[in-house]
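The structure file input.cif is reproduced below (mmCIF, C-alpha atoms).
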```cif
data_run
#
loop_
_atom_site.group_PDB
_atom_site.id
_atom_site.type_symbol
_atom_site.label_atom_id
_atom_site.label_comp_id
_atom_site.auth_asym_id
_atom_site.auth_seq_id
_atom_site.Cartn_x
_atom_site.Cartn_y
_atom_site.Cartn_z
ATOM 1 C CA MET A 1 -16.760 -14.877 -28.638
ATOM 2 C CA THR A 2 -14.841 -16.427 -25.745
ATOM 3 C CA VAL A 3 -14.838 -14.613 -22.420
ATOM 4 C CA GLN A 4 -11.495 -14.719 -20.621
ATOM 5 C CA PRO A 5 -11.701 -15.948 -17.000
ATOM 6 C CA VAL A 6 -9.227 -13.225 -15.972
ATOM 7 C CA PRO A 7 -10.145 -9.961 -17.729
ATOM 8 C CA GLN A 8 -7.417 -8.472 -19.897
ATOM 9 C CA GLY A 9 -5.491 -5.832 -17.949
ATOM 10 C CA SER A 10 -6.504 -7.259 -14.574
ATOM 11 C CA PRO A 11 -3.843 -8.662 -12.271
ATOM 12 C CA ARG A 12 -4.532 -11.952 -10.492
ATOM 13 C CA VAL A 13 -4.500 -10.295 -7.068
ATOM 14 C CA THR A 14 -6.051 -6.871 -6.579
ATOM 15 C CA PRO A 15 -6.433 -5.208 -3.185
ATOM 16 C CA TYR A 16 -9.930 -3.857 -2.520
ATOM 17 C CA LEU A 17 -9.852 -1.078 0.059
ATOM 18 C CA CYS A 18 -12.804 -0.067 2.205
ATOM 19 C CA ILE A 19 -12.456 3.624 3.011
ATOM 20 C CA ASP A 20 -14.365 6.144 5.077
ATOM 21 C CA GLY A 21 -13.919 9.036 2.637
ATOM 22 C CA ALA A 22 -13.118 7.269 -0.643
ATOM 23 C CA ALA A 23 -13.120 10.459 -2.752
ATOM 24 C CA ALA A 24 -10.502 12.073 -0.500
ATOM 25 C CA ALA A 25 -8.514 8.815 -0.523
ATOM 26 C CA ILE A 26 -8.468 8.811 -4.326
ATOM 27 C CA ASP A 27 -7.112 12.359 -4.257
ATOM 28 C CA PHE A 28 -4.436 11.261 -1.744
ATOM 29 C CA TYR A 29 -3.370 8.204 -3.782
ATOM 30 C CA VAL A 30 -3.253 10.201 -7.014
ATOM 31 C CA SER A 31 -1.262 13.035 -5.415
ATOM 32 C CA VAL A 32 1.101 10.992 -3.253
ATOM 33 C CA LEU A 33 1.546 7.694 -5.085
ATOM 34 C CA GLY A 34 0.978 8.884 -8.643
ATOM 35 C CA ALA A 35 -2.045 6.631 -9.126
ATOM 36 C CA HIS A 36 -4.301 7.145 -12.142
ATOM 37 C CA GLU A 37 -8.061 6.922 -11.709
ATOM 38 C CA ARG A 38 -9.386 4.517 -14.306
ATOM 39 C CA MET A 39 -13.044 4.489 -13.216
ATOM 40 C CA ARG A 40 -15.464 5.658 -10.530
ATOM 41 C CA MET A 41 -19.098 4.778 -9.846
ATOM 42 C CA ALA A 42 -21.031 7.221 -7.738
ATOM 43 C CA ALA A 43 -23.426 5.978 -5.060
ATOM 44 C CA PRO A 44 -26.177 7.747 -3.117
ATOM 45 C CA GLY A 45 -25.156 10.118 -0.340
ATOM 46 C CA ASP A 46 -22.063 11.443 -2.151
ATOM 47 C CA LYS A 47 -20.370 8.086 -1.706
ATOM 48 C CA ILE A 48 -18.283 6.044 -4.085
ATOM 49 C CA GLY A 49 -19.782 2.631 -4.761
ATOM 50 C CA HIS A 50 -16.698 1.392 -6.625
ATOM 51 C CA ALA A 51 -13.547 2.929 -8.065
ATOM 52 C CA GLU A 52 -10.396 1.597 -9.664
ATOM 53 C CA LEU A 53 -6.943 3.114 -9.637
ATOM 54 C CA GLU A 54 -3.910 2.105 -11.682
ATOM 55 C CA LEU A 55 -0.544 2.290 -10.007
ATOM 56 C CA GLY A 56 2.126 1.213 -12.441
ATOM 57 C CA ASN A 57 1.074 -2.254 -13.605
ATOM 58 C CA SER A 58 -1.170 -2.774 -10.561
ATOM 59 C CA VAL A 59 -4.801 -2.050 -9.841
ATOM 60 C CA ILE A 60 -6.329 -0.957 -6.546
ATOM 61 C CA MET A 61 -10.091 -1.149 -6.140
ATOM 62 C CA LEU A 62 -11.848 0.848 -3.457
ATOM 63 C CA ALA A 63 -15.188 2.080 -2.217
ATOM 64 C CA ASP A 64 -16.689 3.993 0.661
ATOM 65 C CA GLU A 65 -17.562 1.917 3.694
ATOM 66 C CA TYR A 66 -21.048 0.473 4.026
ATOM 67 C CA PRO A 67 -21.334 -0.805 7.631
ATOM 68 C CA ASP A 68 -24.849 -2.153 7.074
ATOM 69 C CA MET A 69 -23.356 -4.508 4.443
ATOM 70 C CA GLY A 70 -20.408 -5.501 6.647
ATOM 71 C CA PHE A 71 -18.004 -3.419 4.526
ATOM 72 C CA ARG A 72 -16.041 -1.480 7.133
ATOM 73 C CA SER A 73 -12.886 0.610 6.989
ATOM 74 C CA PRO A 74 -9.759 0.053 9.124
ATOM 75 C CA LYS A 75 -10.708 2.942 11.379
ATOM 76 C CA ALA A 76 -14.078 1.323 12.089
ATOM 77 C CA VAL A 77 -12.503 -1.987 13.146
ATOM 78 C CA GLY A 78 -9.508 -0.694 15.091
ATOM 79 C CA GLY A 79 -6.847 -0.804 12.388
ATOM 80 C CA THR A 80 -5.585 -3.148 9.703
ATOM 81 C CA PRO A 81 -3.202 -6.116 9.795
ATOM 82 C CA VAL A 82 -2.422 -5.618 6.089
ATOM 83 C CA THR A 83 0.396 -3.535 4.634
ATOM 84 C CA LEU A 84 0.419 -2.649 0.943
ATOM 85 C CA HIS A 85 3.934 -2.593 -0.572
ATOM 86 C CA VAL A 86 4.609 -0.201 -3.454
ATOM 87 C CA TYR A 87 7.811 0.448 -5.376
ATOM 88 C CA VAL A 88 8.301 4.099 -6.342
ATOM 89 C CA GLU A 89 10.995 6.035 -8.183
ATOM 90 C CA ASP A 90 11.958 8.251 -5.210
ATOM 91 C CA VAL A 91 10.948 6.833 -1.834
ATOM 92 C CA ASP A 92 12.153 9.888 0.085
ATOM 93 C CA ALA A 93 10.067 12.325 -1.969
ATOM 94 C CA VAL A 94 6.953 10.125 -1.885
ATOM 95 C CA PHE A 95 7.304 9.558 1.859
ATOM 96 C CA ALA A 96 7.635 13.303 2.519
ATOM 97 C CA LYS A 97 4.593 13.970 0.329
ATOM 98 C CA ALA A 98 2.575 11.326 2.200
ATOM 99 C CA LEU A 99 3.405 12.879 5.570
ATOM 100 C CA ALA A 100 2.597 16.357 4.245
ATOM 101 C CA GLY A 101 -0.741 14.947 3.028
ATOM 102 C CA GLY A 102 -1.722 13.729 6.487
ATOM 103 C CA ALA A 103 -0.127 10.278 6.707
ATOM 104 C CA THR A 104 1.449 9.072 9.952
ATOM 105 C CA GLN A 105 4.984 7.691 9.936
ATOM 106 C CA LEU A 106 5.205 4.088 11.134
ATOM 107 C CA SER A 107 8.892 3.590 10.329
ATOM 108 C CA PRO A 108 11.301 6.096 8.797
ATOM 109 C CA VAL A 109 12.824 5.693 5.367
ATOM 110 C CA ARG A 110 16.090 3.788 5.582
ATOM 111 C CA ASP A 111 18.318 1.457 3.601
ATOM 112 C CA GLU A 112 17.470 -2.196 4.296
ATOM 113 C CA PHE A 113 19.655 -5.314 4.122
ATOM 114 C CA TYR A 114 17.643 -6.738 1.210
ATOM 115 C CA GLY A 115 18.539 -3.899 -1.176
ATOM 116 C CA ASP A 116 15.590 -1.526 -0.839
ATOM 117 C CA ARG A 117 15.329 1.921 0.680
ATOM 118 C CA THR A 118 11.970 1.768 2.406
ATOM 119 C CA GLY A 119 9.648 3.395 4.925
ATOM 120 C CA GLN A 120 6.138 2.765 6.223
ATOM 121 C CA PHE A 121 3.207 5.072 6.858
ATOM 122 C CA GLU A 122 -0.468 4.884 7.669
ATOM 123 C CA ASP A 123 -2.573 6.984 5.335
ATOM 124 C CA PRO A 124 -5.258 9.320 6.720
ATOM 125 C CA PHE A 125 -7.855 6.591 6.066
ATOM 126 C CA GLY A 126 -6.224 3.868 8.176
ATOM 127 C CA HIS A 127 -4.448 1.850 5.474
ATOM 128 C CA ARG A 128 -0.772 0.932 5.958
ATOM 129 C CA TRP A 129 1.753 1.377 3.153
ATOM 130 C CA SER A 130 5.338 0.253 2.778
ATOM 131 C CA ILE A 131 6.983 2.238 0.007
ATOM 132 C CA ALA A 132 10.366 1.446 -1.414
ATOM 133 C CA THR A 133 12.946 2.224 -4.037
ATOM 134 C CA HIS A 134 15.219 -0.651 -5.013
ATOM 135 C CA ILE A 135 18.826 0.529 -4.590
ATOM 136 C CA GLU A 136 20.924 -2.651 -4.721
ATOM 137 C CA ASP A 137 20.678 -6.127 -6.204
ATOM 138 C CA VAL A 138 21.485 -8.609 -3.442
ATOM 139 C CA THR A 139 22.158 -12.307 -4.066
ATOM 140 C CA PRO A 140 20.190 -14.832 -1.999
ATOM 141 C CA GLN A 141 23.409 -15.833 -0.205
ATOM 142 C CA GLU A 142 24.287 -12.245 0.675
ATOM 143 C CA MET A 143 20.706 -11.554 1.758
ATOM 144 C CA GLU A 144 20.779 -14.554 4.109
ATOM 145 C CA LYS A 145 24.081 -13.336 5.577
ATOM 146 C CA ARG A 146 22.733 -9.802 6.039
ATOM 147 C CA PHE A 147 19.490 -11.108 7.525
ATOM 148 C CA GLY A 148 21.441 -13.060 10.123
ATOM 149 C CA GLN A 149 23.456 -9.951 10.989
ATOM 150 C CA ALA A 150 20.299 -7.852 11.259
ATOM 151 C CA VAL A 151 18.597 -10.389 13.516
ATOM 152 C CA ARG A 152 21.676 -10.691 15.749
ATOM 153 C CA SER A 153 21.845 -6.912 16.090
ATOM 154 C CA MET A 154 18.228 -6.963 17.327
ATOM 155 C CA GLY A 155 19.223 -9.466 20.014
ATOM 156 C CA SER A 156 17.274 -12.502 18.798
ATOM 157 C CA THR A 157 17.510 -15.330 16.314
ATOM 158 C CA PRO A 158 15.241 -15.998 13.314
ATOM 159 C CA ASP A 159 13.566 -18.943 15.090
ATOM 160 C CA GLY A 160 12.758 -16.829 18.163
ATOM 161 C CA ALA A 161 15.286 -18.559 20.430
#
```
Rewrite the coordinates I just gave you, this time as structure tokens.
Amino acid sequence: MTVQPVPQGSPRVTPYLCIDGAAAAIDFYVSVLGAHERMRMAAPGDKIGHAELELGNSVIMLADEYPDMGFRSPKAVGGTPVTLHVYVEDVDAVFAKALAGGATQLSPVRDEFYGDRTGQFEDPFGHRWSIATHIEDVTPQEMEKRFGQAVRSMGSTPDGA
């Protein structure tokens, strides 16, 4: 029997989230994002040692934080520089549900020049999410034109000049 170097059903890149309150986070991601829990391993002290969620054709791994092992959540280190991007069927409904579930709005839902309707929030556990619904197919040429217009309206140029 040959073992595959990338397990069947596993994407090449999988975010692994460190969370203070992993069980509550799973509930949030299932309720708000429609994730499906595919496995959970309990750890001492009512913690989660490892869990996996499916979100469409993606997988998110997560566990409770373990500071003594250097595994710390965004709240423990002053925030995160990472934003997770997720496409959803109805960005407005998902965004409203996230805010109702305790998320904090980072940017409101709006139509963007690249053809997505998108908004950003920070979940109650310190992770940042950009959620979007694709609303228009935009050619590379049109996207470049729109990007230039968007940058000019912000009062700067793409190269920072």
Find the residues near His85 in chain A: any atom within 10 Å, counting all atoms listed in the file, skip ones fewer than 2 places away on the same chain, and give them as a PyMOL selection string.
-> chain A and resi 82-83+87-88+118-120+128-132
Among the residues A:Thr133, A:Gln4, A:Thr14, A:Ser31, the one that comes closest to Glu89 in chain A [using all atoms listed in the file] =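 Using all atoms listed in the file, the shortest distance to Glu89 in chain A belongs to A:Thr133.
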Written as a count of residues only, what is the full residue list that the PyMOL selection byres ((chain A and resi 113) around 12) yields on the file shown?
-> 26
Just the residues within 6 Å of range 15-29 of chain A, please, counting all atoms listed in the file, with nothing from its chain fewer than 3 positions along; format it as JSON, numbers by chain.
-> {"A": [32, 33, 35, 60, 61, 62, 63, 64, 65, 73]}
Between CA of Leu84 in chain A and CA of Thr104 in chain A - distance in Å to one decimal |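 Separating CA of Thr104 in chain A from CA of Leu84 in chain A is a distance of 14.8 Å.
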Of the candidates A:Asp123, A:Ala96, A:Gly49, A:Glu54, which shows the shortest atom-to-atom distance to Glu37 in chain A, using all atoms listed in the file?
-> A:Glu54
Write out as a PyMOL selection string each polymer residue whose atoms come within 12 Å of Arg12 in chain A, counting all atoms listed in the file; drop sequence neighbours fewer than 2 positions from it.
-> chain A and resi 5-10+14-15+57-60
Check the smallest atom-to-atom distance from each of A:Pro67, A:Arg38, A:Pro81, A:Phe121 to Lys97 in chain A using all atoms listed in the file, then report the winner.
->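 Closest to Lys97 in chain A of all the choices is A:Phe121.
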Would you compute an axis-aligned box for range 67-71 of chain A, covering every atom listed for it in the file with 5 Å of margin on each side, and report centre and edge lengths in Å to one decimal as lines of an AutoDock Vina configuration file?
```
center_x = -21.4
center_y = -3.2
center_z = 6.0
size_x = 16.8
size_y = 14.7
size_z = 13.2
```
Can you tell me how far CA of Gly126 in chain A sits from CA of Val77 in chain A, in Å to one decimal?
->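 Answer for the CA of Gly126 in chain A to CA of Val77 in chain A separation: 9.9 Å.
Taking CA of Val94 in chain A and CA of His127 in chain A as endpoints, the distance between them is 15.9 Å.
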